[in-house]
Amino acid sequence: MTSGCFSGRVPFIVRMVVPREKSRDLLPSQQVTQGRRLGLGLIRLVSLPHLHRQSMNQYLPHKPSHASNRVGFGELRARGQHSEEEYEEDRGWGQEGFQYFASCTRGLEKILAQELLAPEIGAYNVYPGHAGVRFQGSLETGYRANLWLRSAVRVMMELAVEDLDPREPGGDAVYEFVRRLGDREWGELVPVGGTFAITSHVWDCSQIRNSALASTRVKDAVCDALRQVGRPKPMKPEFTEDVDLPLQLSLYRDRAILYRDMSGSSLHKRGYRDAMHRASLNEAVAAGCLQLAGWPDMVRKKLKAGEDVMLMDPMCGSGTFLIEGALMAMNVAPGLMRRGGPLAPPP
C-alpha cells in the first residue's frame, strides 16, 4: 500500500509493504488501525527543488529557542537531575504563571525538556527530574504543552504544595492540606453538576503508606469544601476519562503536591487510531526514540539542502514509527486529533 499526503508545499509518501496474502483481507484503514504485522514500512519525504528554500522553512520543525528567560538545553544536559533546593529557589520567579509537571517514560526526560523549550510551547525554568519534567509558564503554556508534546504522558498543573507534619496522623494531615486550598477555590474548580476524581501516589512517608487512604481523604476534603459553599456532593463519574476535574496527589517523604491533570487520557492516545492493538508500540515512546535517533534534525538538514529523506521500519507492525515520524517531519501537533479531555481554564 502506498499513500501520499501534501501539507502546504512539502509532500511525503508513506509506503507500507504488505504481504500479498494479507493485503486482500484488509481495508487500507485497517492495515494501520488493526495493528496487523505488515512487514516493511517506509516514509519518504520528497524534496521539491523548484520551490524556494525559504518558503519551505515554515513547514520544517523549529529548533528550540534559547531565550534569556529559559534554561538552555545545554545547561539542562550539564545539570542533569535538578536538586530540590534549585527548584525551590525558582518557585518565586517574579511573574504571573503556573507550576507544571509533565510526566514521561524514564529515559526521555531530556528529550521532553527540549520539547518544552521549543517556541511552540515556550516554557521556562525547565528542570528534568525522575520520569518527568517540571516547568513554569502561563495558562497558554499548559494548553500548548498538551497540544505539542510528543514524548509526554500527562501535563499537570500544580494546585498546592506543603510539607506534612510527620507527627500528625497521615489521613488527617492529607485532609487538612486539601482543605487549606480554600472552600471558595474548590467551589470554582469543580463545575456545578460536574465530577472529580483523585489518583494518589505514596512513597516513603512517615504516617501514611496507603494510596487508597490518601485518595479517600482528598475526596472527603473536597466534598466538605463544596458543602460549605452550598453545593451538593458530586456524583461518582461513570468513566474515569470523562471526569471534569481529574486530580493527582503525590506524597513523597511527607511532601504533598496536589495536581490538576490537564490531559485527562494519556497523551500517547493521539486520536489517529480507530482501534488500539494490545501489542502496538506506545506513541509517546516511539516519538521519543525517533528524537533520540536524530530524525527531526535529519529531516531539517536534508530538506533544506534539497535532498530526499527516508525513514524505514523493517519490522513495521501498526506503523507507529512511520506515523510519528511523518507528524514530526511535517511539524504537525500530535494533539490536533485528540477529542475530549478536561482542558477547561481554571478560575
# chains A, B, ... in the order shown; residues from 1 in each chain; ligands from 1
call {"tool": "residues_around", "arguments": {"residues": "Val155 of chain A", "least_positions_apart": "2", "cutoff": "10 Å", "atoms": "only C-alpha atoms", "output": "list of chain:residue names"}}
result
A:Tyr100, A:Phe101, A:Ala102, A:Ser103, A:Cys104, A:Gly132, A:Val133, A:Arg134, A:Gly142, A:Tyr143, A:Ala145, A:Asn146, A:Leu149, A:Ala152, A:Val153, A:Met157, A:Glu158, A:Tyr259, A:Arg260, A:Asp261, A:Met262, A:Ser263, A:Gly264, A:Ser266, A:Leu267
call {"tool": "select_by_dssp", "arguments": {"residues": "segment 153-222 of chain A", "states": "strand (DSSP E)", "output": "VMD selection string"}}
result
chain A and resid 153 to 163 196 to 203
call {"tool": "write_last_selection", "arguments": {"atoms": "all heavy atoms", "output": "short mmCIF file (atom, residue, chain, number, x, y, z; two decimals), in the first residue's frame"}}
result
data_model
loop_
_atom_site.label_atom_id
_atom_site.label_comp_id
_atom_site.auth_asym_id
_atom_site.auth_seq_id
_atom_site.Cartn_x
_atom_site.Cartn_y
_atom_site.Cartn_z
N VAL A 153 3.48 11.93 28.75
CA VAL A 153 2.32 11.10 29.06
C VAL A 153 1.17 11.96 29.55
O VAL A 153 0.02 11.82 29.13
CB VAL A 153 2.68 10.03 30.11
CG1 VAL A 153 1.45 9.22 30.50
CG2 VAL A 153 3.77 9.11 29.57
N ARG A 154 1.47 12.88 30.48
CA ARG A 154 0.45 13.80 31.00
C ARG A 154 1.09 15.15 31.31
O ARG A 154 2.29 15.23 31.56
CB ARG A 154 -0.18 13.25 32.29
CG ARG A 154 -0.96 11.97 32.11
CD ARG A 154 -1.59 11.48 33.41
NE ARG A 154 -2.21 10.20 33.24
CZ ARG A 154 -3.42 10.02 32.74
NH1 ARG A 154 -4.14 11.06 32.39
NH2 ARG A 154 -3.93 8.81 32.59
N VAL A 155 0.27 16.18 31.32
CA VAL A 155 0.66 17.52 31.76
C VAL A 155 -0.24 17.89 32.93
O VAL A 155 -1.47 17.87 32.80
CB VAL A 155 0.54 18.56 30.64
CG1 VAL A 155 0.88 19.95 31.16
CG2 VAL A 155 1.45 18.20 29.48
N MET A 156 0.38 18.22 34.06
CA MET A 156 -0.38 18.51 35.28
C MET A 156 -0.02 19.88 35.83
O MET A 156 1.15 20.26 35.85
CB MET A 156 -0.13 17.42 36.32
CG MET A 156 -0.57 16.04 35.88
SD MET A 156 -0.23 14.74 37.09
CE MET A 156 1.55 14.64 36.95
N MET A 157 -1.03 20.61 36.27
CA MET A 157 -0.85 21.93 36.86
C MET A 157 -0.85 21.80 38.39
O MET A 157 -1.73 21.16 38.97
CB MET A 157 -1.98 22.86 36.43
CG MET A 157 -1.94 24.23 37.09
SD MET A 157 -3.43 25.19 36.74
CE MET A 157 -3.24 25.45 34.99
N GLU A 158 0.13 22.39 39.03
CA GLU A 158 0.24 22.31 40.48
C GLU A 158 -0.78 23.23 41.14
O GLU A 158 -0.85 24.43 40.84
CB GLU A 158 1.66 22.70 40.90
CG GLU A 158 1.92 22.58 42.39
CD GLU A 158 3.33 22.98 42.75
OE1 GLU A 158 4.27 22.35 42.22
OE2 GLU A 158 3.49 23.94 43.53
N LEU A 159 -1.59 22.66 42.05
CA LEU A 159 -2.58 23.44 42.78
C LEU A 159 -2.10 23.83 44.17
O LEU A 159 -2.40 24.93 44.65
CB LEU A 159 -3.89 22.64 42.90
CG LEU A 159 -4.62 22.32 41.61
CD1 LEU A 159 -5.87 21.50 41.91
CD2 LEU A 159 -4.99 23.59 40.85
N ALA A 160 -1.39 22.94 44.86
CA ALA A 160 -0.93 23.22 46.22
C ALA A 160 0.25 22.31 46.54
O ALA A 160 0.35 21.19 46.02
CB ALA A 160 -2.06 22.99 47.23
N VAL A 161 1.14 22.80 47.39
CA VAL A 161 2.29 22.02 47.84
C VAL A 161 2.55 22.35 49.29
O VAL A 161 2.42 23.50 49.72
CB VAL A 161 3.54 22.31 46.97
CG1 VAL A 161 3.89 23.79 46.99
CG2 VAL A 161 4.72 21.48 47.41
N GLU A 162 2.89 21.33 50.09
CA GLU A 162 3.09 21.55 51.52
C GLU A 162 3.84 20.37 52.12
O GLU A 162 3.68 19.22 51.68
CB GLU A 162 1.72 21.70 52.20
CG GLU A 162 1.78 22.01 53.69
CD GLU A 162 0.39 22.15 54.28
OE1 GLU A 162 -0.39 22.99 53.78
OE2 GLU A 162 0.08 21.40 55.24
N ASP A 163 4.64 20.64 53.14
CA ASP A 163 5.30 19.60 53.91
C ASP A 163 4.38 19.19 55.05
O ASP A 163 4.04 20.02 55.91
CB ASP A 163 6.65 20.08 54.45
CG ASP A 163 7.68 20.27 53.36
OD1 ASP A 163 7.69 19.45 52.43
OD2 ASP A 163 8.45 21.24 53.41
N PHE A 196 -15.38 14.91 39.84
CA PHE A 196 -13.93 14.93 40.03
C PHE A 196 -13.47 13.54 40.44
O PHE A 196 -14.26 12.71 40.92
CB PHE A 196 -13.53 15.98 41.09
CG PHE A 196 -13.78 15.57 42.50
CD1 PHE A 196 -12.78 14.97 43.27
CD2 PHE A 196 -15.03 15.76 43.09
CE1 PHE A 196 -13.01 14.59 44.57
CE2 PHE A 196 -15.27 15.38 44.39
CZ PHE A 196 -14.26 14.79 45.14
N ALA A 197 -12.19 13.28 40.25
CA ALA A 197 -11.59 12.00 40.62
C ALA A 197 -10.17 12.27 41.08
O ALA A 197 -9.54 13.25 40.67
CB ALA A 197 -11.62 11.01 39.47
N ILE A 198 -9.66 11.40 41.92
CA ILE A 198 -8.33 11.59 42.50
C ILE A 198 -7.52 10.30 42.36
O ILE A 198 -8.02 9.20 42.60
CB ILE A 198 -8.40 12.01 43.98
CG1 ILE A 198 -7.02 12.09 44.61
CG2 ILE A 198 -9.32 11.10 44.76
CD1 ILE A 198 -6.14 13.19 44.09
N THR A 199 -6.28 10.43 41.94
CA THR A 199 -5.32 9.34 41.91
C THR A 199 -4.15 9.71 42.80
O THR A 199 -3.60 10.81 42.65
CB THR A 199 -4.82 9.08 40.48
OG1 THR A 199 -5.93 8.80 39.64
CG2 THR A 199 -3.86 7.91 40.45
N SER A 200 -3.78 8.84 43.72
CA SER A 200 -2.72 9.16 44.69
C SER A 200 -1.54 8.23 44.51
O SER A 200 -1.68 7.05 44.15
CB SER A 200 -3.25 9.03 46.12
OG SER A 200 -4.30 9.94 46.36
N HIS A 201 -0.35 8.78 44.78
CA HIS A 201 0.90 8.03 44.75
C HIS A 201 1.65 8.34 46.04
O HIS A 201 1.89 9.51 46.35
CB HIS A 201 1.74 8.41 43.54
CG HIS A 201 1.01 8.27 42.23
ND1 HIS A 201 0.89 7.06 41.58
CD2 HIS A 201 0.36 9.18 41.47
CE1 HIS A 201 0.20 7.23 40.47
NE2 HIS A 201 -0.14 8.51 40.37
N VAL A 202 2.01 7.30 46.77
CA VAL A 202 2.63 7.47 48.09
C VAL A 202 3.97 6.75 48.10
O VAL A 202 4.06 5.57 47.74
CB VAL A 202 1.73 6.91 49.22
CG1 VAL A 202 2.38 7.12 50.58
CG2 VAL A 202 0.36 7.57 49.17
N TRP A 203 5.03 7.48 48.53
CA TRP A 203 6.36 6.89 48.67
C TRP A 203 7.00 7.39 49.97
O TRP A 203 7.11 8.60 50.19
CB TRP A 203 7.30 7.28 47.52
CG TRP A 203 6.83 6.96 46.14
CD1 TRP A 203 6.97 5.79 45.47
CD2 TRP A 203 6.16 7.85 45.24
NE1 TRP A 203 6.43 5.88 44.22
CE2 TRP A 203 5.93 7.14 44.05
CE3 TRP A 203 5.73 9.18 45.34
CZ2 TRP A 203 5.29 7.71 42.96
CZ3 TRP A 203 5.10 9.74 44.26
CH2 TRP A 203 4.88 9.03 43.09
#
call {"tool": "residues_around", "arguments": {"residues": "segment 205-217 of chain A", "least_positions_apart": "3", "cutoff": "9 Å", "atoms": "only C-alpha atoms", "output": "JSON, numbers by chain"}}
result
{"A": [165, 166, 167, 168, 169, 170, 171, 172, 173, 174, 175, 178, 197, 198, 199, 200, 201, 202, 220, 221, 222, 248, 249, 251, 252, 253, 254, 255]}
call {"tool": "closest_atom_pairs", "arguments": {"of": "segment 208-282 of chain A", "to": "segment 327-339 of chain A", "cutoff": "8 Å", "atoms": "only C-alpha atoms", "output": "CSV"}}
result
residue,atom,partner,partner_atom,distance
A:Leu267,CA,A:Gly335,CA,7.6
A:Lys269,CA,A:Arg338,CA,7.3
A:Arg270,CA,A:Arg338,CA,5.5
A:Gly271,CA,A:Arg338,CA,4.7
A:Tyr272,CA,A:Met337,CA,6.5
call {"tool": "select_by_dssp", "arguments": {"residues": "segment 272-313 of chain A", "states": "helix (DSSP H, G or I)", "output": "JSON list (two decimals) with all heavy atoms, in the first residue's frame"}}
result
[["chain", "number", "residue", "atom", "x", "y", "z"],
["A", 283, "GLU", "N", 2.87, 5.44, 21.42],
["A", 283, "GLU", "CA", 3.20, 6.53, 20.50],
["A", 283, "GLU", "C", 4.19, 7.52, 21.12],
["A", 283, "GLU", "O", 5.08, 8.04, 20.42],
["A", 283, "GLU", "CB", 1.92, 7.27, 20.09],
["A", 283, "GLU", "CG", 1.02, 6.51, 19.14],
["A", 283, "GLU", "CD", 0.17, 5.47, 19.81],
["A", 283, "GLU", "OE1", 0.31, 5.27, 21.04],
["A", 283, "GLU", "OE2", -0.65, 4.83, 19.12],
["A", 284, "ALA", "N", 4.05, 7.80, 22.41],
["A", 284, "ALA", "CA", 4.98, 8.73, 23.06],
["A", 284, "ALA", "C", 6.39, 8.16, 23.12],
["A", 284, "ALA", "O", 7.37, 8.88, 22.92],
["A", 284, "ALA", "CB", 4.48, 9.06, 24.47],
["A", 285, "VAL", "N", 6.51, 6.87, 23.37],
["A", 285, "VAL", "CA", 7.82, 6.22, 23.38],
["A", 285, "VAL", "C", 8.42, 6.23, 21.98],
["A", 285, "VAL", "O", 9.62, 6.48, 21.80],
["A", 285, "VAL", "CB", 7.71, 4.79, 23.93],
["A", 285, "VAL", "CG1", 9.04, 4.06, 23.82],
["A", 285, "VAL", "CG2", 7.25, 4.80, 25.38],
["A", 286, "ALA", "N", 7.60, 5.94, 20.97],
["A", 286, "ALA", "CA", 8.09, 5.95, 19.59],
["A", 286, "ALA", "C", 8.61, 7.34, 19.21],
["A", 286, "ALA", "O", 9.67, 7.47, 18.59],
["A", 286, "ALA", "CB", 6.98, 5.52, 18.64],
["A", 287, "ALA", "N", 7.87, 8.38, 19.59],
["A", 287, "ALA", "CA", 8.30, 9.75, 19.28],
["A", 287, "ALA", "C", 9.60, 10.08, 19.99],
["A", 287, "ALA", "O", 10.50, 10.72, 19.42],
["A", 287, "ALA", "CB", 7.21, 10.74, 19.67],
["A", 288, "GLY", "N", 9.74, 9.64, 21.25],
["A", 288, "GLY", "CA", 10.98, 9.88, 21.98],
["A", 288, "GLY", "C", 12.16, 9.16, 21.36],
["A", 288, "GLY", "O", 13.26, 9.72, 21.26],
["A", 289, "CYS", "N", 11.95, 7.92, 20.91],
["A", 289, "CYS", "CA", 13.04, 7.17, 20.27],
["A", 289, "CYS", "C", 13.48, 7.83, 18.97],
["A", 289, "CYS", "O", 14.68, 7.88, 18.66],
["A", 289, "CYS", "CB", 12.59, 5.73, 20.01],
["A", 289, "CYS", "SG", 12.36, 4.72, 21.50],
["A", 290, "LEU", "N", 12.52, 8.32, 18.19],
["A", 290, "LEU", "CA", 12.87, 8.99, 16.94],
["A", 290, "LEU", "C", 13.69, 10.26, 17.20],
["A", 290, "LEU", "O", 14.62, 10.57, 16.45],
["A", 290, "LEU", "CB", 11.60, 9.34, 16.17],
["A", 290, "LEU", "CG", 10.88, 8.16, 15.50],
["A", 290, "LEU", "CD1", 9.53, 8.61, 14.95],
["A", 290, "LEU", "CD2", 11.74, 7.57, 14.39],
["A", 291, "GLN", "N", 13.35, 10.98, 18.26],
["A", 291, "GLN", "CA", 14.11, 12.19, 18.59],
["A", 291, "GLN", "C", 15.50, 11.83, 19.09],
["A", 291, "GLN", "O", 16.48, 12.52, 18.79],
["A", 291, "GLN", "CB", 13.35, 13.02, 19.62],
["A", 291, "GLN", "CG", 12.06, 13.61, 19.07],
["A", 291, "GLN", "CD", 11.33, 14.46, 20.08],
["A", 291, "GLN", "OE1", 11.69, 15.59, 20.35],
["A", 291, "GLN", "NE2", 10.27, 13.90, 20.66],
["A", 292, "LEU", "N", 15.61, 10.75, 19.87],
["A", 292, "LEU", "CA", 16.93, 10.30, 20.31],
["A", 292, "LEU", "C", 17.80, 9.88, 19.12],
["A", 292, "LEU", "O", 19.02, 10.06, 19.15],
["A", 292, "LEU", "CB", 16.78, 9.13, 21.29],
["A", 292, "LEU", "CG", 16.30, 9.46, 22.69],
["A", 292, "LEU", "CD1", 15.98, 8.18, 23.47],
["A", 292, "LEU", "CD2", 17.34, 10.29, 23.44],
["A", 295, "TRP", "N", 16.02, 11.97, 14.15],
["A", 295, "TRP", "CA", 15.17, 12.06, 12.97],
["A", 295, "TRP", "C", 14.76, 13.50, 12.65],
["A", 295, "TRP", "O", 14.88, 13.92, 11.48],
["A", 295, "TRP", "CB", 13.94, 11.17, 13.15],
["A", 295, "TRP", "CG", 12.85, 11.37, 12.15],
["A", 295, "TRP", "CD1", 11.60, 11.88, 12.38],
["A", 295, "TRP", "CD2", 12.88, 11.07, 10.75],
["A", 295, "TRP", "NE1", 10.86, 11.91, 11.25],
["A", 295, "TRP", "CE2", 11.62, 11.42, 10.21],
["A", 295, "TRP", "CE3", 13.85, 10.55, 9.90],
["A", 295, "TRP", "CZ2", 11.31, 11.27, 8.87],
["A", 295, "TRP", "CZ3", 13.53, 10.40, 8.55],
["A", 295, "TRP", "CH2", 12.28, 10.75, 8.05],
["A", 296, "PRO", "N", 14.30, 14.33, 13.59],
["A", 296, "PRO", "CA", 13.90, 15.70, 13.22],
["A", 296, "PRO", "C", 15.06, 16.51, 12.65],
["A", 296, "PRO", "O", 14.88, 17.27, 11.68],
["A", 296, "PRO", "CB", 13.41, 16.29, 14.55],
["A", 296, "PRO", "CG", 13.03, 15.12, 15.38],
["A", 296, "PRO", "CD", 14.00, 14.05, 15.01],
["A", 297, "ASP", "N", 16.26, 16.37, 13.22],
["A", 297, "ASP", "CA", 17.41, 17.10, 12.69],
["A", 297, "ASP", "C", 17.76, 16.64, 11.28],
["A", 297, "ASP", "O", 18.13, 17.45, 10.42],
["A", 297, "ASP", "CB", 18.62, 16.92, 13.61],
["A", 297, "ASP", "CG", 18.44, 17.59, 14.96],
["A", 297, "ASP", "OD1", 17.66, 18.57, 15.00],
["A", 297, "ASP", "OD2", 19.06, 17.15, 15.93],
["A", 298, "MET", "N", 17.65, 15.35, 11.03],
["A", 298, "MET", "CA", 17.94, 14.82, 9.70],
["A", 298, "MET", "C", 16.97, 15.39, 8.67],
["A", 298, "MET", "O", 17.37, 15.79, 7.57],
["A", 298, "MET", "CB", 17.86, 13.29, 9.70],
["A", 298, "MET", "CG", 18.18, 12.65, 8.36],
["A", 298, "MET", "SD", 17.86, 10.87, 8.36],
["A", 298, "MET", "CE", 18.98, 10.35, 9.67],
["A", 299, "VAL", "N", 15.69, 15.43, 9.04],
["A", 299, "VAL", "CA", 14.69, 15.98, 8.13],
["A", 299, "VAL", "C", 14.99, 17.43, 7.80],
["A", 299, "VAL", "O", 14.95, 17.86, 6.65],
["A", 299, "VAL", "CB", 13.28, 15.84, 8.75],
["A", 299, "VAL", "CG1", 12.25, 16.60, 7.92],
["A", 299, "VAL", "CG2", 12.89, 14.37, 8.85],
["A", 300, "ARG", "N", 15.30, 18.19, 8.84],
["A", 300, "ARG", "CA", 15.58, 19.62, 8.66],
["A", 300, "ARG", "C", 16.76, 19.85, 7.72],
["A", 300, "ARG", "O", 16.70, 20.66, 6.79],
["A", 300, "ARG", "CB", 15.83, 20.27, 10.01],
["A", 300, "ARG", "CG", 15.98, 21.78, 9.98],
["A", 300, "ARG", "CD", 16.34, 22.35, 11.34],
["A", 300, "ARG", "NE", 15.37, 21.96, 12.35],
["A", 300, "ARG", "CZ", 15.62, 21.11, 13.34],
["A", 300, "ARG", "NH1", 16.81, 20.56, 13.45],
["A", 300, "ARG", "NH2", 14.68, 20.82, 14.22],
["A", 301, "LYS", "N", 17.84, 19.12, 7.96],
["A", 301, "LYS", "CA", 19.05, 19.32, 7.17],
["A", 301, "LYS", "C", 18.86, 18.85, 5.72],
["A", 301, "LYS", "O", 19.29, 19.52, 4.78],
["A", 301, "LYS", "CB", 20.22, 18.58, 7.82],
["A", 301, "LYS", "CG", 20.64, 19.15, 9.17],
["A", 301, "LYS", "CD", 21.75, 18.33, 9.80],
["A", 301, "LYS", "CE", 22.14, 18.88, 11.16],
["A", 301, "LYS", "NZ", 23.19, 18.05, 11.82],
["A", 302, "LYS", "N", 18.24, 17.69, 5.55],
["A", 302, "LYS", "CA", 18.09, 17.13, 4.20],
["A", 302, "LYS", "C", 17.18, 18.00, 3.33],
["A", 302, "LYS", "O", 17.49, 18.28, 2.17],
["A", 302, "LYS", "CB", 17.54, 15.71, 4.30],
["A", 302, "LYS", "CG", 18.50, 14.69, 4.88],
["A", 302, "LYS", "CD", 19.59, 14.33, 3.88],
["A", 302, "LYS", "CE", 20.45, 13.19, 4.41],
["A", 302, "LYS", "NZ", 21.51, 12.81, 3.44],
["A", 303, "LEU", "N", 16.04, 18.41, 3.88],
["A", 303, "LEU", "CA", 15.11, 19.18, 3.07],
["A", 303, "LEU", "C", 15.62, 20.58, 2.79],
["A", 303, "LEU", "O", 15.36, 21.15, 1.73],
["A", 303, "LEU", "CB", 13.75, 19.25, 3.78],
["A", 303, "LEU", "CG", 12.98, 17.92, 3.85],
["A", 303, "LEU", "CD1", 11.61, 18.14, 4.45],
["A", 303, "LEU", "CD2", 12.85, 17.29, 2.47],
["A", 304, "LYS", "N", 16.36, 21.15, 3.73],
["A", 304, "LYS", "CA", 16.96, 22.46, 3.46],
["A", 304, "LYS", "C", 18.02, 22.37, 2.38],
["A", 304, "LYS", "O", 18.24, 23.32, 1.63],
["A", 304, "LYS", "CB", 17.57, 23.03, 4.74],
["A", 304, "LYS", "CG", 16.54, 23.64, 5.70],
["A", 304, "LYS", "CD", 17.22, 24.34, 6.85],
["A", 304, "LYS", "CE", 16.19, 25.00, 7.75],
["A", 304, "LYS", "NZ", 16.82, 25.72, 8.89]]
call {"tool": "atom_distance", "arguments": {"atom1": "atom CA of Leu245 of chain A", "atom2": "atom CA of Gln136 of chain A"}}
result
20.8 Å
call {"tool": "atom_distance", "arguments": {"atom1": "atom CA of Asp183 of chain A", "atom2": "atom CA of Pro234 of chain A"}}
result
14.7 Å
call {"tool": "closest_residue", "arguments": {"among": "A:Leu189, A:Thr320, A:Gly129, A:Glu176", "to": "His277 of chain A", "atoms": "only C-alpha atoms"}}
result
A:Thr320
call {"tool": "decode", "arguments": {"residues": "segment 95-147 of chain A", "atoms": "C-alpha atoms", "output": "mmCIF file, in the first residue's frame"}}
result
data_model
loop_
_atom_site.group_PDB
_atom_site.id
_atom_site.type_symbol
_atom_site.label_atom_id
_atom_site.label_comp_id
_atom_site.auth_asym_id
_atom_site.auth_seq_id
_atom_site.Cartn_x
_atom_site.Cartn_y
_atom_site.Cartn_z
ATOM 1 C CA GLN A 95 5.976 36.973 37.197
ATOM 2 C CA GLU A 96 2.478 35.580 36.905
ATOM 3 C CA GLY A 97 2.241 31.958 35.887
ATOM 4 C CA PHE A 98 1.688 28.380 36.982
ATOM 5 C CA GLN A 99 3.844 25.468 38.080
ATOM 6 C CA TYR A 100 3.560 22.377 35.858
ATOM 7 C CA PHE A 101 4.810 18.815 35.790
ATOM 8 C CA ALA A 102 4.913 16.755 32.589
ATOM 9 C CA SER A 103 5.368 13.025 33.120
ATOM 10 C CA CYS A 104 7.120 10.730 30.655
ATOM 11 C CA THR A 105 8.755 7.336 30.291
ATOM 12 C CA ARG A 106 12.046 7.014 32.158
ATOM 13 C CA GLY A 107 14.967 7.914 29.955
ATOM 14 C CA LEU A 108 13.068 10.521 27.911
ATOM 15 C CA GLU A 109 13.305 13.371 30.446
ATOM 16 C CA LYS A 110 15.898 15.382 28.493
ATOM 17 C CA ILE A 111 14.029 14.896 25.235
ATOM 18 C CA LEU A 112 10.867 16.164 26.933
ATOM 19 C CA ALA A 113 12.759 19.153 28.337
ATOM 20 C CA GLN A 114 13.956 20.026 24.838
ATOM 21 C CA GLU A 115 10.374 19.893 23.562
ATOM 22 C CA LEU A 116 9.217 22.242 26.322
ATOM 23 C CA LEU A 117 11.868 24.782 25.332
ATOM 24 C CA ALA A 118 10.668 24.869 21.714
ATOM 25 C CA PRO A 119 8.913 28.074 20.580
ATOM 26 C CA GLU A 120 5.648 26.191 20.061
ATOM 27 C CA ILE A 121 5.352 25.829 23.859
ATOM 28 C CA GLY A 122 7.614 28.494 25.356
ATOM 29 C CA ALA A 123 8.097 27.027 28.850
ATOM 30 C CA TYR A 124 10.746 28.432 31.193
ATOM 31 C CA ASN A 125 12.542 27.321 34.361
ATOM 32 C CA VAL A 126 12.592 23.788 32.966
ATOM 33 C CA TYR A 127 14.006 21.089 35.266
ATOM 34 C CA PRO A 128 14.193 17.436 34.139
ATOM 35 C CA GLY A 129 13.707 15.070 37.061
ATOM 36 C CA HIS A 130 12.690 11.451 37.584
ATOM 37 C CA ALA A 131 10.177 10.229 34.971
ATOM 38 C CA GLY A 132 9.107 13.783 34.229
ATOM 39 C CA VAL A 133 9.983 17.446 33.868
ATOM 40 C CA ARG A 134 8.998 20.433 35.999
ATOM 41 C CA PHE A 135 8.430 23.733 34.249
ATOM 42 C CA GLN A 136 6.694 27.059 34.603
ATOM 43 C CA GLY A 137 4.542 29.107 32.297
ATOM 44 C CA SER A 138 1.224 30.791 31.673
ATOM 45 C CA LEU A 139 -2.122 29.069 31.213
ATOM 46 C CA GLU A 140 -1.491 29.203 27.471
ATOM 47 C CA THR A 141 1.772 27.333 28.057
ATOM 48 C CA GLY A 142 -0.203 24.486 29.628
ATOM 49 C CA TYR A 143 -2.576 24.333 26.681
ATOM 50 C CA ARG A 144 0.325 24.416 24.226
ATOM 51 C CA ALA A 145 2.128 21.659 26.120
ATOM 52 C CA ASN A 146 -0.912 19.383 25.802
ATOM 53 C CA LEU A 147 -1.121 20.168 22.097
#
